[in-house]
Amino acid sequence: MRDLNPPLKARVQQLLDLEYADHDTLKQLVNTIIDDDTDYEHVITFLDNAPSLIHRQFADNLRQIFEEVLRQRLLEVRQDLDRNPIDLYTALFDFHKVENNREHLKGILTTNYDSYVEEALQAAHFESVYMGFDLGLPNPTPSQESITVLKLHGSFDWQDTWPIEVGSGEPPLWIPPGIQKDKQRYPFNAIWAIAREVLACDILRIIGCRLDGNDWDLISLLFSTIHVQSSYRPYQVEIIDSPQNAKVMAETLPYLQPHSMLEIDEIGRQLVSEWGGGAPQDFSTLNSEKQAQLITHAGSSHNWFEVWLRQKAELLYSDLGSLDTTAGAIRAFLEQ
C-alpha cells in the first residue's frame with residue numbers, strides 16, 4: 001500500500017486545490033497527516049466515522065483516488081513488461097500440475113484487486129475456476145479440474161451489477177481500503193464463508209501479505225479456523241517472505257504460530273546451510289545468537305516468492321526426476 005503513497009499524496013493535494021479550496025479545516029488536516037508514510041486505510045476509516053458531512057465526502061474522494069492510482073500503477077506495470085507479471089504465479093500453479101506431486105492445491109485466497117491469479121491459472125492449464133459465486137463462468141464438468149479462487153476484497157474486473165459479470169469494472173465490485181471491511185453484502189458474505197472451507201487444509205502459505213492492523217478481519221478468520229474448530233486438525237502457517245518479516249509476524253501474531261522460510265520442513269535446513277554456511281540443519285537447533293545472525297544475514301532484498309518456489313521445485317525434481325507438465329512453466333522456471 002505505502003508504495004502508492006507519493007502519487008496518492010499528489011492526487012490528494014490536487015483534489016484540495018480543485019474542489020476544497022475554501023475548506024481550511026480540510027487543508028489543515030491534509031497538511032498535518034498526509035505524507036509519504038500515511039496509512040490511507042486508517043485515514044479513510046477515521047473520516048468515514050466523522051460527524052461532519054464534508055469529511056465523510058472527503059473519505060469517498062480518497063477511495064476514488066486510491067482506485068484510480070492503483071489502476072494506473074497496474075496499467076504501468078503491464079505497459080513496462082508488455083504483459084501482466086504472472087510468471088511466478090504460473091510456475092507455482094504449474095508446480096501443482098506435476099504428476100505424482102504429493103501436494104494438492106485446495107484453493108487460493110487473495111486480497112488483491114487485479115486478475116493476475118486468474119490469468120496465471122489459465123496459463124497453467126487449469127480448466128475451470130470457481131470464484132465462490134456465479135460469475136457467468138463455465139461450470140466444471142466431472143472431467144475438468146476446478147480450482148477455488150476467493151478474492152476476499154473483490155476485483156477491479158467485476159461489474160457491480162446484477163447478475164455480477166466480468167467486465168471493465170466501472171464501477172468495480174470491491175471492498176475499498178479501510179480498517180472496517182464490509183463483508184455483509186453479496187457476494188462477499190458467500191466468499192468469506194467458503195474461505196473457512198478452503199482453510200480446512202494442512203498448510204496455509206502466506207505470500208506477500210504482512211497481516212497488519214488493516215487486515216483484522218482476515219486475521220480473525222485465520223485465528224478461528226486454526227483454534228476455534230473441532231472437525232479437523234489445525235493447519236500450519238508458512239510465511240513466504242523475509243525471515244525478518246516472519247519474525248515480526250511471529251511476535252505480533254503469536255497465536256497463528258507462523259513458520260519462517262528457515263523453519264519450513266525440507267527447505268529450511270537447506271536455507272540454513274546456504275545462508276549460514278556448514279551442513280544443513282534445523283533452524284531450531286541453533287542458539288538464539290546464531291538464529292539472529294542468520295535472520296540478519298538473509299537480508300530483505302530477495303524475491304522471497306522466487307527463492308521459496310525454486311527450493312520447492314528443486315526438491316520435487318529430486319524426488320520425481322521430472323517436472324513435465326502441459327504448460328511446462330515450472331520446468332522453464334527451474335531452468336532459468
# chains A, B, ... in the order shown; residues from 1 in each chain; ligands from 1

call {"tool": "closest_atom_pairs", "arguments": {"of": "segment 72-167 of chain A", "to": "segment 315-323 of chain A", "cutoff": "12 Å", "atoms": "only C-alpha atoms", "output": "tab-separated table"}}
result
residue	atom	partner	partner_atom	distance
A:Ala91	CA	A:Leu323	CA	10.9
A:Asp94	CA	A:Leu323	CA	9.2
A:Phe95	CA	A:Leu323	CA	7.7
A:His96	CA	A:Leu323	CA	10.0
A:Lys97	CA	A:Leu323	CA	9.0
A:Val98	CA	A:Leu323	CA	5.9
A:Glu99	CA	A:Leu323	CA	8.1
A:Asn100	CA	A:Leu320	CA	7.8
A:Asn101	CA	A:Leu316	CA	7.4
A:Arg102	CA	A:Leu316	CA	9.2
A:Glu103	CA	A:Leu316	CA	10.2

call {"tool": "residues_around", "arguments": {"residues": "Ser284 of chain A", "least_positions_apart": "6", "cutoff": "10 Å", "atoms": "only C-alpha atoms", "output": "mmCIF file with C-alpha atoms, in the first residue's frame"}}
result
data_model
loop_
_atom_site.group_PDB
_atom_site.id
_atom_site.type_symbol
_atom_site.label_atom_id
_atom_site.label_comp_id
_atom_site.auth_asym_id
_atom_site.auth_seq_id
_atom_site.Cartn_x
_atom_site.Cartn_y
_atom_site.Cartn_z
ATOM 1 C CA LEU A 262 14.067 -21.083 7.699
ATOM 2 C CA GLU A 263 11.663 -23.274 9.682
ATOM 3 C CA ARG A 269 17.550 -26.941 6.517
ATOM 4 C CA GLN A 291 19.426 -17.584 14.807
#

call {"tool": "closest_atom_pairs", "arguments": {"of": "segment 22-124 of chain A", "to": "segment 150-167 of chain A", "cutoff": "12 Å", "atoms": "only C-alpha atoms", "output": "JSON lines"}}
result
{"residue": "A:Glu67", "atom": "CA", "partner": "A:Phe156", "partner_atom": "CA", "distance": 8.7}
{"residue": "A:Glu68", "atom": "CA", "partner": "A:Phe156", "partner_atom": "CA", "distance": 10.5}
{"residue": "A:Leu70", "atom": "CA", "partner": "A:Phe156", "partner_atom": "CA", "distance": 9.9}
{"residue": "A:Arg71", "atom": "CA", "partner": "A:Phe156", "partner_atom": "CA", "distance": 8.2}
{"residue": "A:Gln72", "atom": "CA", "partner": "A:Phe156", "partner_atom": "CA", "distance": 11.9}
{"residue": "A:Leu74", "atom": "CA", "partner": "A:Phe156", "partner_atom": "CA", "distance": 10.7}
{"residue": "A:Lys106", "atom": "CA", "partner": "A:Leu150", "partner_atom": "CA", "distance": 11.4}
{"residue": "A:Gly107", "atom": "CA", "partner": "A:Leu150", "partner_atom": "CA", "distance": 7.8}
{"residue": "A:Ile108", "atom": "CA", "partner": "A:Leu150", "partner_atom": "CA", "distance": 6.1}
{"residue": "A:Leu109", "atom": "CA", "partner": "A:Leu150", "partner_atom": "CA", "distance": 4.9}
{"residue": "A:Thr110", "atom": "CA", "partner": "A:Lys151", "partner_atom": "CA", "distance": 5.1}
{"residue": "A:Thr111", "atom": "CA", "partner": "A:Leu152", "partner_atom": "CA", "distance": 5.4}
{"residue": "A:Asn112", "atom": "CA", "partner": "A:Lys151", "partner_atom": "CA", "distance": 7.1}
{"residue": "A:Tyr113", "atom": "CA", "partner": "A:Ser155", "partner_atom": "CA", "distance": 4.3}
{"residue": "A:Asp114", "atom": "CA", "partner": "A:Ser155", "partner_atom": "CA", "distance": 6.1}
{"residue": "A:Ser115", "atom": "CA", "partner": "A:Asp157", "partner_atom": "CA", "distance": 7.3}
{"residue": "A:Tyr116", "atom": "CA", "partner": "A:Ser155", "partner_atom": "CA", "distance": 10.8}
{"residue": "A:Val117", "atom": "CA", "partner": "A:Lys151", "partner_atom": "CA", "distance": 9.7}
{"residue": "A:Glu118", "atom": "CA", "partner": "A:Lys151", "partner_atom": "CA", "distance": 10.4}

call {"tool": "closest_residue", "arguments": {"among": "A:His297, A:Arg331, A:His125, A:Arg78", "to": "Gln244 of chain A", "atoms": "only C-alpha atoms"}}
result
A:His297

call {"tool": "select_by_dssp", "arguments": {"residues": "segment 114-217 of chain A", "states": "helix (DSSP H, G or I)", "output": "PyMOL selection string"}}
result
chain A and resi 116-123+188-198+213-217

call {"tool": "residues_around", "arguments": {"residues": "segment 302-311 of chain A", "least_positions_apart": "4", "cutoff": "9 Å", "atoms": "only C-alpha atoms", "output": "list in words"}}
result
Leu88, Ala91, Leu92, Phe95, Ile207, Gly208, Ile240, Asp241, Ser242, Met261, Ile267, Gln270, Leu271, Ala298, Leu315, Leu316, Phe333 and Leu334 of chain A

call {"tool": "atom_distance", "arguments": {"atom1": "atom CA of Ala21 of chain A", "atom2": "atom CA of Gly178 of chain A"}}
result
25.7 Å

call {"tool": "select_by_dssp", "arguments": {"residues": "segment 11-254 of chain A", "states": "strand (DSSP E or B)", "output": "count of residues only"}}
result
33

call {"tool": "residues_around", "arguments": {"residues": "segment 50-60 of chain A", "least_positions_apart": "2", "cutoff": "12 Å", "atoms": "only C-alpha atoms", "output": "PyMOL selection string"}}
result
chain A and resi 12+15-16+19-20+22-27+29-30+40-48+62-67+176-178

call {"tool": "write_last_selection", "arguments": {"atoms": "N, CA, C and O atoms", "output": "tab-separated table (two decimals), in the first residue's frame"}}
result
chain	number	residue	atom	x	y	z
A	12	VAL	N	-4.19	13.85	-3.79
A	12	VAL	CA	-4.96	14.46	-2.71
A	12	VAL	C	-4.76	15.98	-2.71
A	12	VAL	O	-5.71	16.75	-2.55
A	15	LEU	N	-6.77	17.41	-5.48
A	15	LEU	CA	-8.19	17.43	-5.11
A	15	LEU	C	-8.50	18.63	-4.21
A	15	LEU	O	-9.51	19.32	-4.40
A	16	LEU	N	-7.64	18.87	-3.24
A	16	LEU	CA	-7.85	20.03	-2.35
A	16	LEU	C	-7.88	21.33	-3.14
A	16	LEU	O	-8.76	22.18	-2.93
A	19	GLU	N	-11.30	21.25	-5.53
A	19	GLU	CA	-12.66	21.10	-5.02
A	19	GLU	C	-12.85	21.56	-3.57
A	19	GLU	O	-13.99	21.72	-3.13
A	20	TYR	N	-11.76	21.76	-2.85
A	20	TYR	CA	-11.90	22.13	-1.44
A	20	TYR	C	-11.05	23.36	-1.11
A	20	TYR	O	-10.54	23.48	0.01
A	22	ASP	N	-11.79	26.28	-0.42
A	22	ASP	CA	-12.32	27.16	0.63
A	22	ASP	C	-12.46	26.47	1.98
A	22	ASP	O	-13.00	27.06	2.93
A	23	HIS	N	-12.01	25.23	2.08
A	23	HIS	CA	-12.19	24.47	3.32
A	23	HIS	C	-10.86	24.39	4.06
A	23	HIS	O	-10.07	23.46	3.86
A	24	ASP	N	-10.65	25.37	4.93
A	24	ASP	CA	-9.37	25.45	5.64
A	24	ASP	C	-9.15	24.27	6.58
A	24	ASP	O	-8.00	23.85	6.79
A	25	THR	N	-10.23	23.75	7.15
A	25	THR	CA	-10.06	22.63	8.09
A	25	THR	C	-9.55	21.39	7.38
A	25	THR	O	-8.71	20.65	7.92
A	26	LEU	N	-10.04	21.15	6.16
A	26	LEU	CA	-9.56	20.00	5.40
A	26	LEU	C	-8.11	20.21	4.99
A	26	LEU	O	-7.31	19.28	5.03
A	27	LYS	N	-7.78	21.43	4.59
A	27	LYS	CA	-6.39	21.73	4.23
A	27	LYS	C	-5.46	21.49	5.42
A	27	LYS	O	-4.38	20.89	5.27
A	29	LEU	N	-6.02	19.51	7.94
A	29	LEU	CA	-5.97	18.07	8.20
A	29	LEU	C	-4.98	17.39	7.25
A	29	LEU	O	-4.13	16.60	7.68
A	30	VAL	N	-5.08	17.70	5.97
A	30	VAL	CA	-4.21	17.08	4.97
A	30	VAL	C	-2.76	17.44	5.24
A	30	VAL	O	-1.86	16.59	5.20
A	40	TYR	N	-3.42	5.17	4.48
A	40	TYR	CA	-4.67	5.69	3.94
A	40	TYR	C	-5.87	4.90	4.42
A	40	TYR	O	-6.98	5.44	4.52
A	41	GLU	N	-5.68	3.63	4.73
A	41	GLU	CA	-6.80	2.84	5.24
A	41	GLU	C	-7.26	3.38	6.59
A	41	GLU	O	-8.46	3.43	6.89
A	42	HIS	N	-6.31	3.79	7.43
A	42	HIS	CA	-6.66	4.40	8.71
A	42	HIS	C	-7.41	5.71	8.48
A	42	HIS	O	-8.47	5.96	9.07
A	43	VAL	N	-6.85	6.57	7.63
A	43	VAL	CA	-7.43	7.90	7.40
A	43	VAL	C	-8.85	7.77	6.85
A	43	VAL	O	-9.76	8.47	7.30
A	44	ILE	N	-9.04	6.89	5.87
A	44	ILE	CA	-10.37	6.71	5.28
A	44	ILE	C	-11.37	6.26	6.34
A	44	ILE	O	-12.50	6.75	6.41
A	45	THR	N	-10.96	5.31	7.18
A	45	THR	CA	-11.85	4.81	8.22
A	45	THR	C	-12.22	5.91	9.22
A	45	THR	O	-13.39	6.08	9.59
A	46	PHE	N	-11.23	6.69	9.66
A	46	PHE	CA	-11.49	7.75	10.63
A	46	PHE	C	-12.43	8.81	10.04
A	46	PHE	O	-13.35	9.29	10.72
A	47	LEU	N	-12.20	9.18	8.77
A	47	LEU	CA	-13.04	10.19	8.14
A	47	LEU	C	-14.46	9.66	7.89
A	47	LEU	O	-15.43	10.41	7.96
A	48	ASP	N	-14.57	8.37	7.61
A	48	ASP	CA	-15.89	7.76	7.44
A	48	ASP	C	-16.74	7.91	8.70
A	48	ASP	O	-17.97	8.01	8.64
A	62	LEU	N	-11.14	10.01	-1.26
A	62	LEU	CA	-9.90	9.26	-1.06
A	62	LEU	C	-10.02	7.84	-1.62
A	62	LEU	O	-9.06	7.32	-2.21
A	63	ARG	N	-11.19	7.22	-1.45
A	63	ARG	CA	-11.39	5.89	-2.01
A	63	ARG	C	-11.28	5.92	-3.53
A	63	ARG	O	-10.66	5.05	-4.15
A	64	GLN	N	-11.90	6.94	-4.14
A	64	GLN	CA	-11.85	7.07	-5.59
A	64	GLN	C	-10.42	7.31	-6.07
A	64	GLN	O	-9.97	6.72	-7.06
A	65	ILE	N	-9.69	8.15	-5.36
A	65	ILE	CA	-8.30	8.42	-5.72
A	65	ILE	C	-7.47	7.15	-5.61
A	65	ILE	O	-6.64	6.85	-6.49
A	66	PHE	N	-7.68	6.39	-4.54
A	66	PHE	CA	-6.94	5.15	-4.37
A	66	PHE	C	-7.19	4.21	-5.54
A	66	PHE	O	-6.24	3.61	-6.09
A	67	GLU	N	-8.44	4.06	-5.93
A	67	GLU	CA	-8.77	3.18	-7.06
A	67	GLU	C	-8.06	3.64	-8.34
A	67	GLU	O	-7.46	2.84	-9.06
A	176	PRO	N	-13.41	-1.31	-0.63
A	176	PRO	CA	-12.34	-0.32	-0.68
A	176	PRO	C	-11.48	-0.37	0.57
A	176	PRO	O	-11.83	-0.99	1.58
A	177	PRO	N	-10.30	0.30	0.51
A	177	PRO	CA	-9.42	0.33	1.68
A	177	PRO	C	-10.12	0.89	2.91
A	177	PRO	O	-10.94	1.81	2.82
A	178	GLY	N	-9.79	0.34	4.04
A	178	GLY	CA	-10.35	0.77	5.31
A	178	GLY	C	-10.13	-0.30	6.35
A	178	GLY	O	-9.98	-1.48	6.03

call {"tool": "closest_residue", "arguments": {"among": "A:Asp212, A:Glu76, A:Asp37, A:Asp265", "to": "Ile179 of chain A", "atoms": "only C-alpha atoms"}}
result
A:Asp212

call {"tool": "residues_around", "arguments": {"residues": "His227 of chain A", "least_positions_apart": "5", "cutoff": "10 Å", "atoms": "only C-alpha atoms", "output": "ChimeraX atom specification"}}
result
/A:222,233-235,255-256

call {"tool": "write_last_selection", "arguments": {"atoms": "N, CA and C atoms", "output": "PDB file, in the first residue's frame"}}
result
ATOM      1  N   LEU A 222      -8.312 -16.369  10.212  1.00  0.00           N
ATOM      2  CA  LEU A 222      -7.244 -17.348  10.382  1.00  0.00           C
ATOM      3  C   LEU A 222      -7.223 -17.898  11.808  1.00  0.00           C
ATOM      4  N   ARG A 233      -7.664 -31.035  12.042  1.00  0.00           N
ATOM      5  CA  ARG A 233      -6.515 -30.556  12.795  1.00  0.00           C
ATOM      6  C   ARG A 233      -6.099 -29.168  12.293  1.00  0.00           C
ATOM      7  N   PRO A 234      -5.534 -28.350  13.159  1.00  0.00           N
ATOM      8  CA  PRO A 234      -5.096 -27.008  12.745  1.00  0.00           C
ATOM      9  C   PRO A 234      -4.033 -27.086  11.659  1.00  0.00           C
ATOM     10  N   TYR A 235      -4.087 -26.152  10.726  1.00  0.00           N
ATOM     11  CA  TYR A 235      -3.094 -26.115   9.665  1.00  0.00           C
ATOM     12  C   TYR A 235      -1.856 -25.350  10.117  1.00  0.00           C
ATOM     13  N   TYR A 255      -0.393 -16.244  18.056  1.00  0.00           N
ATOM     14  CA  TYR A 255      -1.432 -17.280  18.052  1.00  0.00           C
ATOM     15  C   TYR A 255      -1.596 -17.928  16.681  1.00  0.00           C
ATOM     16  N   LEU A 256      -1.007 -17.355  15.635  1.00  0.00           N
ATOM     17  CA  LEU A 256      -1.012 -18.023  14.328  1.00  0.00           C
ATOM     18  C   LEU A 256       0.158 -18.995  14.205  1.00  0.00           C
TER      19      LEU A 256
END

call {"tool": "closest_residue", "arguments": {"among": "A:Arg210, A:Arg196, A:Arg205, A:His259", "to": "Tyr232 of chain A", "atoms": "only C-alpha atoms"}}
result
A:Arg196

call {"tool": "atom_distance", "arguments": {"atom1": "atom CA of Pro243 of chain A", "atom2": "atom CA of Ile206 of chain A"}}
result
12.9 Å

call {"tool": "residues_around", "arguments": {"residues": "Gln257 of chain A", "least_positions_apart": "5", "cutoff": "8 Å", "atoms": "only C-alpha atoms", "output": "tab-separated table (two decimals) with N, CA, C and O atoms, in the first residue's frame"}}
result
chain	number	residue	atom	x	y	z
A	236	GLN	N	-0.77	-25.56	9.39
A	236	GLN	CA	0.48	-24.85	9.65
A	236	GLN	C	0.55	-23.62	8.76
A	236	GLN	O	0.21	-23.68	7.58
A	237	VAL	N	1.00	-22.51	9.32
A	237	VAL	CA	1.13	-21.26	8.58
A	237	VAL	C	2.60	-21.06	8.20
A	237	VAL	O	3.47	-21.02	9.06
A	250	ALA	N	5.59	-13.30	13.85
A	250	ALA	CA	5.51	-14.25	14.96
A	250	ALA	C	5.39	-13.52	16.30
A	250	ALA	O	4.75	-14.02	17.23

call {"tool": "decode", "arguments": {"residues": "segment 31-42 of chain A", "atoms": "all heavy atoms", "output": "CSV table (one decimal), in the first residue's frame"}}
result
chain,number,residue,atom,x,y,z
A,31,ASN,N,-2.5,18.7,5.5
A,31,ASN,CA,-1.1,19.1,5.8
A,31,ASN,C,-0.5,18.5,7.0
A,31,ASN,O,0.7,18.3,7.1
A,31,ASN,CB,-1.1,20.7,5.9
A,31,ASN,CG,-1.3,21.3,4.5
A,31,ASN,OD1,-1.1,20.8,3.5
A,31,ASN,ND2,-1.9,22.6,4.6
A,32,THR,N,-1.4,18.1,7.9
A,32,THR,CA,-1.0,17.6,9.2
A,32,THR,C,-0.7,16.1,9.1
A,32,THR,O,0.3,15.6,9.7
A,32,THR,CB,-2.0,17.8,10.3
A,32,THR,OG1,-2.2,19.2,10.5
A,32,THR,CG2,-1.5,17.3,11.6
A,33,ILE,N,-1.5,15.3,8.4
A,33,ILE,CA,-1.5,13.9,8.5
A,33,ILE,C,-1.1,13.2,7.2
A,33,ILE,O,-0.7,12.0,7.2
A,33,ILE,CB,-2.8,13.3,8.9
A,33,ILE,CG1,-3.9,13.5,7.9
A,33,ILE,CG2,-3.3,13.9,10.3
A,33,ILE,CD1,-5.2,12.8,8.2
A,34,ILE,N,-1.2,13.9,6.0
A,34,ILE,CA,-0.9,13.2,4.8
A,34,ILE,C,0.6,13.4,4.4
A,34,ILE,O,1.0,14.5,4.2
A,34,ILE,CB,-1.8,13.7,3.6
A,34,ILE,CG1,-3.2,13.5,4.0
A,34,ILE,CG2,-1.4,13.0,2.3
A,34,ILE,CD1,-3.6,12.0,4.0
A,35,ASP,N,1.4,12.3,4.4
A,35,ASP,CA,2.8,12.4,3.9
A,35,ASP,C,3.1,11.0,3.3
A,35,ASP,O,2.2,10.2,3.0
A,35,ASP,CB,3.7,12.7,5.1
A,35,ASP,CG,3.6,11.7,6.2
A,35,ASP,OD1,3.3,10.5,6.0
A,35,ASP,OD2,3.8,12.1,7.4
A,36,ASP,N,4.4,10.8,3.0
A,36,ASP,CA,4.8,9.6,2.3
A,36,ASP,C,4.6,8.3,3.1
A,36,ASP,O,4.8,7.2,2.6
A,36,ASP,CB,6.2,9.7,1.8
A,36,ASP,CG,6.3,10.7,0.6
A,36,ASP,OD1,5.3,11.0,0.0
A,36,ASP,OD2,7.4,11.2,0.4
A,37,ASP,N,4.3,8.5,4.4
A,37,ASP,CA,4.2,7.3,5.3
A,37,ASP,C,2.7,7.1,5.8
A,37,ASP,O,2.5,6.2,6.6
A,37,ASP,CB,5.1,7.4,6.5
A,37,ASP,CG,6.6,7.4,6.1
A,37,ASP,OD1,6.9,6.5,5.3
A,37,ASP,OD2,7.4,8.2,6.7
A,38,THR,N,1.8,7.9,5.3
A,38,THR,CA,0.4,7.8,5.7
A,38,THR,C,-0.2,6.5,5.4
A,38,THR,O,0.0,5.9,4.3
A,38,THR,CB,-0.4,8.9,5.1
A,38,THR,OG1,0.1,10.2,5.4
A,38,THR,CG2,-1.8,8.9,5.5
A,39,ASP,N,-0.9,6.0,6.4
A,39,ASP,CA,-1.7,4.8,6.2
A,39,ASP,C,-3.1,5.2,5.8
A,39,ASP,O,-3.9,5.7,6.6
A,39,ASP,CB,-1.8,3.9,7.5
A,39,ASP,CG,-2.4,2.6,7.2
A,39,ASP,OD1,-3.4,2.5,6.5
A,39,ASP,OD2,-1.9,1.6,7.8
A,40,TYR,N,-3.4,5.2,4.5
A,40,TYR,CA,-4.7,5.7,3.9
A,40,TYR,C,-5.9,4.9,4.4
A,40,TYR,O,-7.0,5.4,4.5
A,40,TYR,CB,-4.6,5.7,2.4
A,40,TYR,CG,-3.9,6.9,1.9
A,40,TYR,CD1,-2.5,6.9,1.8
A,40,TYR,CD2,-4.5,8.1,1.5
A,40,TYR,CE1,-1.8,8.0,1.4
A,40,TYR,CE2,-3.8,9.2,1.0
A,40,TYR,CZ,-2.5,9.1,0.9
A,40,TYR,OH,-1.8,10.2,0.5
A,41,GLU,N,-5.7,3.6,4.7
A,41,GLU,CA,-6.8,2.8,5.2
A,41,GLU,C,-7.3,3.4,6.6
A,41,GLU,O,-8.5,3.4,6.9
A,41,GLU,CB,-6.4,1.4,5.3
A,41,GLU,CG,-6.2,0.7,4.0
A,41,GLU,CD,-6.1,-0.8,4.1
A,41,GLU,OE1,-7.2,-1.4,4.1
A,41,GLU,OE2,-5.0,-1.4,4.0
A,42,HIS,N,-6.3,3.8,7.4
A,42,HIS,CA,-6.7,4.4,8.7
A,42,HIS,C,-7.4,5.7,8.5
A,42,HIS,O,-8.5,6.0,9.1
A,42,HIS,CB,-5.4,4.7,9.5
A,42,HIS,CG,-4.8,3.4,10.1
A,42,HIS,ND1,-3.7,3.5,10.9
A,42,HIS,CD2,-5.1,2.1,10.0
A,42,HIS,CE1,-3.4,2.2,11.3
A,42,HIS,NE2,-4.2,1.4,10.7
